[in-house]
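Peer 1: Structure file upload.txt (compact mmCIF, C-alpha atoms) is given on the next line.
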# COMPACT_ATOMS: atom_id res chain seq x y z
CA MET A 51 12.54 14.04 18.48
CA ARG A 52 16.10 14.39 19.72
CA ASP A 53 16.03 18.14 19.03
CA HIS A 54 12.83 18.58 21.04
CA ALA A 55 13.72 16.26 23.89
CA SER A 56 14.79 19.07 26.20
CA GLU A 57 11.57 20.97 25.51
CA LEU A 58 9.49 17.93 26.41
CA ARG A 59 11.52 17.34 29.57
CA GLU A 60 11.10 20.96 30.64
CA LEU A 61 7.36 20.37 30.46
CA GLY A 62 7.79 17.37 32.74
CA ALA A 63 7.28 14.69 30.11
CA ARG A 64 9.25 11.50 29.76
CA ILE A 65 10.44 10.25 26.39
CA GLY A 66 10.90 6.79 24.95
CA ALA A 67 11.45 5.25 21.55
CA VAL A 68 10.73 1.74 20.33
CA GLY A 69 12.53 0.03 17.47
CA VAL A 70 11.92 -3.18 15.55
CA GLY A 71 15.48 -4.34 15.09
CA GLY A 72 17.91 -6.10 17.35
CA ALA A 73 19.82 -4.59 20.24
CA PHE A 74 23.03 -4.40 18.20
CA TYR A 75 21.49 -2.05 15.62
CA ALA A 76 19.58 -0.15 18.28
CA ARG A 77 22.76 0.48 20.28
CA ALA A 78 24.58 1.71 17.18
CA PHE A 79 21.68 3.99 16.31
CA ARG A 80 21.58 5.44 19.82
CA GLU A 81 25.27 6.22 19.67
CA ASP A 82 25.18 7.63 16.12
CA ALA A 83 22.12 9.77 16.78
CA GLY A 84 23.29 10.86 20.21
CA ILE A 85 19.92 10.28 21.81
CA ASP A 86 19.77 10.24 25.58
CA PHE A 87 16.32 8.81 26.19
CA PRO A 88 15.44 5.12 26.51
CA LEU A 89 15.44 3.15 23.27
CA PHE A 90 13.48 -0.06 23.60
CA VAL A 91 13.88 -3.14 21.43
CA ASP A 92 10.70 -4.85 20.25
CA GLU A 93 11.90 -7.71 18.07
CA GLN A 94 8.57 -9.57 18.37
CA LEU A 95 6.60 -6.43 17.41
CA ALA A 96 4.34 -6.93 20.43
CA ALA A 97 4.18 -3.21 21.23
CA TYR A 98 3.70 -2.30 17.56
CA ARG A 99 0.70 -4.63 17.36
CA ALA A 100 -0.73 -3.41 20.67
CA ALA A 101 -0.45 0.18 19.44
CA GLY A 102 -2.33 -0.71 16.26
CA LEU A 103 0.55 0.13 13.95
CA GLU A 104 0.24 -1.21 10.44
CA LYS A 105 2.48 -2.68 7.81
CA GLY A 106 3.20 -0.62 4.72
CA LYS A 107 3.39 -1.75 1.14
CA LEU A 108 6.83 -1.65 -0.42
CA TRP A 109 5.57 -0.06 -3.64
CA GLU A 110 4.36 2.91 -1.59
CA ALA A 111 7.99 3.77 -0.89
CA LEU A 112 8.34 4.57 -4.60
CA THR A 113 5.40 6.95 -4.95
CA PRO A 114 6.24 10.53 -6.06
CA ALA A 115 5.19 11.95 -2.68
CA ASN A 116 7.38 9.55 -0.77
CA THR A 117 10.30 10.08 -3.14
CA VAL A 118 10.06 13.85 -2.63
CA ALA A 119 9.90 13.35 1.14
CA ARG A 120 13.02 11.18 1.05
CA LEU A 121 14.89 13.68 -1.09
CA LYS A 122 13.95 16.50 1.29
CA ALA A 123 15.10 14.44 4.26
CA PHE A 124 18.36 13.63 2.51
CA ALA A 125 18.92 17.31 1.66
CA ALA A 126 18.33 18.16 5.31
CA GLY A 127 21.11 15.81 6.30
CA HIS A 128 19.07 12.80 7.40
CA ARG A 129 20.37 9.40 6.42
CA TYR A 130 18.57 6.10 6.52
CA GLY A 131 19.93 3.52 8.87
CA LYS A 132 19.26 -0.14 9.34
CA PRO A 133 15.60 -0.95 8.79
CA GLY A 134 15.50 -3.72 11.37
CA GLN A 135 13.81 -7.05 10.96
CA ASP A 136 10.71 -5.90 9.12
CA VAL A 137 11.14 -3.26 6.43
CA THR A 138 7.39 -2.91 5.97
CA GLN A 139 6.58 -2.06 9.59
CA LEU A 140 5.25 1.48 9.90
CA GLY A 141 5.91 3.74 12.84
CA GLY A 142 3.86 6.02 15.00
CA ALA A 143 3.95 8.54 17.80
CA PHE A 144 1.91 8.83 20.97
CA VAL A 145 1.63 11.01 24.02
CA LEU A 146 0.26 8.94 26.87
CA ALA A 147 -0.73 10.23 30.28
CA PRO A 148 -1.53 9.08 33.82
CA GLY A 149 -4.79 7.20 34.01
CA ASP A 150 -3.86 5.51 30.73
CA ARG A 151 -5.12 8.44 28.71
CA ASP A 152 -4.15 9.01 25.08
CA LEU A 153 -3.29 12.68 24.61
CA PHE A 154 -1.97 12.31 21.08
CA VAL A 155 -2.14 9.42 18.62
CA HIS A 156 -0.48 9.21 15.25
CA ARG A 157 -0.26 5.96 13.32
CA ALA A 158 1.72 6.23 10.10
CA ARG A 159 -0.33 5.42 7.02
CA THR A 160 2.65 5.08 4.72
CA PHE A 161 6.43 5.44 4.70
CA GLY A 162 7.56 8.92 5.64
CA ASP A 163 4.28 9.71 7.39
CA ASN A 164 5.76 11.16 10.56
CA ALA A 165 3.93 13.17 13.20
CA PRO A 166 5.11 16.77 13.59
CA ILE A 167 7.02 16.91 16.86
CA VAL A 168 5.36 20.23 17.66
CA ASP A 169 2.07 18.31 17.91
CA LEU A 170 3.52 16.06 20.59
CA VAL A 171 4.85 19.08 22.47
CA GLY A 172 1.45 20.75 22.11
CA ALA A 173 -0.31 17.74 23.61
CA VAL A 174 1.94 17.85 26.65
CA ARG A 175 1.44 21.61 27.01
CA ALA A 176 -2.35 21.19 26.87
CA TRP A 177 -2.20 18.47 29.54
CA LYS A 178 -0.06 20.67 31.75
CA ARG A 179 -2.45 23.64 31.40
CA ALA A 180 -5.46 21.43 32.16
CA SER A 181 -3.70 19.89 35.16
CA GLY A 182 -2.93 23.26 36.66
CA MET B 20 -12.95 1.63 23.98
CA ALA B 21 -9.49 0.71 25.22
CA THR B 22 -6.85 3.37 24.93
CA VAL B 23 -3.43 2.84 23.41
CA ALA B 24 -1.99 3.54 26.85
CA SER B 25 -4.04 0.75 28.41
CA LYS B 26 -2.98 -1.69 25.71
CA LEU B 27 0.71 -0.87 26.14
CA ARG B 28 0.69 -0.43 29.91
CA ASP B 29 1.67 -3.95 30.93
CA LEU B 30 4.06 -4.71 28.09
CA GLU B 31 7.67 -5.10 29.13
CA LEU B 32 10.51 -4.36 26.71
CA PRO B 33 14.28 -4.36 27.07
CA ASP B 34 16.27 -1.27 26.21
CA VAL B 35 19.51 -1.43 24.25
CA ASP B 36 21.38 -2.30 27.44
CA GLY B 37 19.02 -5.15 28.28
CA VAL B 38 17.23 -3.33 31.10
CA VAL B 39 13.57 -4.37 31.04
CA THR B 40 10.95 -1.67 31.58
CA ARG B 41 7.19 -1.95 31.91
CA LEU B 42 6.00 0.63 29.40
CA GLY B 43 3.22 1.92 31.63
CA SER B 44 5.80 3.09 34.16
CA LEU B 45 6.74 5.84 31.69
CA TRP B 46 3.40 7.70 32.07
CA GLU B 47 2.38 6.76 35.61
CA THR B 48 3.01 10.21 37.04
CA ALA B 49 3.40 12.49 34.01
CA PRO B 50 2.86 12.33 30.25
CA ALA B 51 5.29 10.43 28.09
CA ALA B 52 6.05 10.81 24.41
CA LEU B 53 6.52 7.36 22.92
CA VAL B 54 7.77 7.15 19.35
CA PHE B 55 7.76 3.95 17.32
CA LEU B 56 10.56 3.96 14.78
CA ARG B 57 10.34 2.42 11.33
CA HIS B 58 14.05 2.01 11.14
CA TYR B 59 17.15 2.96 13.05
CA GLY B 60 18.37 6.14 11.45
As structure tokens, please, write out the structure in this file.
Peer 2:
Amino acid sequence: MRDHASELRELGARIGAVGVGGAFYARAFREDAGIDFPLFVDEQLAAYRAAGLEKGKLWEALTPANTVARLKAFAAGHRYGKPGQDVTQLGGAFVLAPGDRDLFVHRARTFGDNAPIVDLVGAVRAWKRASG
Amino acid sequence: MATVASKLRDLELPDVDGVVTRLGSLWETAPAALVFLRHYG
């Protein structure tokens, strides 16, 4: 997301991230990752529940597919940080628009199930074309 | 059927600096990409 933030901004989109852990971990993550968009703290998981995001099963983190995904991420230089309060909480990605429209919805089905950022960018591009 | 945007619109969350934002304000005038993290990192 960080690498595509400027592309999204050039299209006129705003960016936000929500995390499950406390502000201390969130602040450290923001500084380590160098992100410059708002990082919200949702310790009660209210937004996660409202967005329909599910809990994963810990054994799923050990499946061959997930193991390969983690190894690829590690090889690419990504490192896991603090998991926050709930290690089973799955993530998601959305592009939301004026009029409370959902332009893009991705709810992770398991660990490592991340939406391609190009899909989020594509949703914003499509909205911009349709809006003139 | 209610959209995700309508369900999140009135929720208020603090950012890492304690500044509270109503989530719906992010997409009032233009689209917003909102990513829910599984962990910090």
Peer 1: Show me, as a list in words, every residue of chain B with an atom at most 7 Å from chain A, counting only C-alpha atoms.
Peer 2: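 Taken together, these residues fit the definition: Thr22, Val23, Ala24, Ser25, Lys26, Leu27, Leu32, Pro33, Asp34, Val35, Leu45, Trp46, Glu47, Thr48, Ala49, Pro50, Ala51, Ala52, Leu53, Val54, Phe55, Leu56, Arg57, His58, Tyr59 and Gly60 of chain B.
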Peer 1: What's the separation between atom CA of A:Ile85 and atom CA of A:Lys107, in Å to one decimal place?
Peer 2: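 Straight-line distance from atom CA of A:Ile85 to atom CA of A:Lys107 works out to 29.1 Å.
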Peer 1: For atom CA of A:Trp109 and atom CA of A:Asp163, quote the distance in Å rounded to one decimal.
Peer 2: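 Atom-to-atom, atom CA of A:Trp109 to atom CA of A:Asp163, that is 14.8 Å.
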Peer 1: Take atom CA of B:Met20 and atom CA of A:Lys105 and report the distance between them in Å, one decimal.
Peer 2: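 According to the coordinates, atom CA of B:Met20 and atom CA of A:Lys105 are separated by 22.8 Å.
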Peer 1: Quick one: everything within 6 Å of B:Arg41, counting only C-alpha atoms, minus sequence neighbours fewer than 6 positions away in the same chain. Send it as a short mmCIF file (atom, residue, chain, number, x, y, z; two decimals) with C-alpha atoms, in the coordinates of the input.
Peer 2:
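The resulting file, out.cif, is shown below:
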data_model
loop_
_atom_site.label_atom_id
_atom_site.label_comp_id
_atom_site.auth_asym_id
_atom_site.auth_seq_id
_atom_site.Cartn_x
_atom_site.Cartn_y
_atom_site.Cartn_z
CA ASP B 29 1.67 -3.95 30.93
CA LEU B 30 4.06 -4.71 28.09
CA GLU B 31 7.67 -5.10 29.13
#
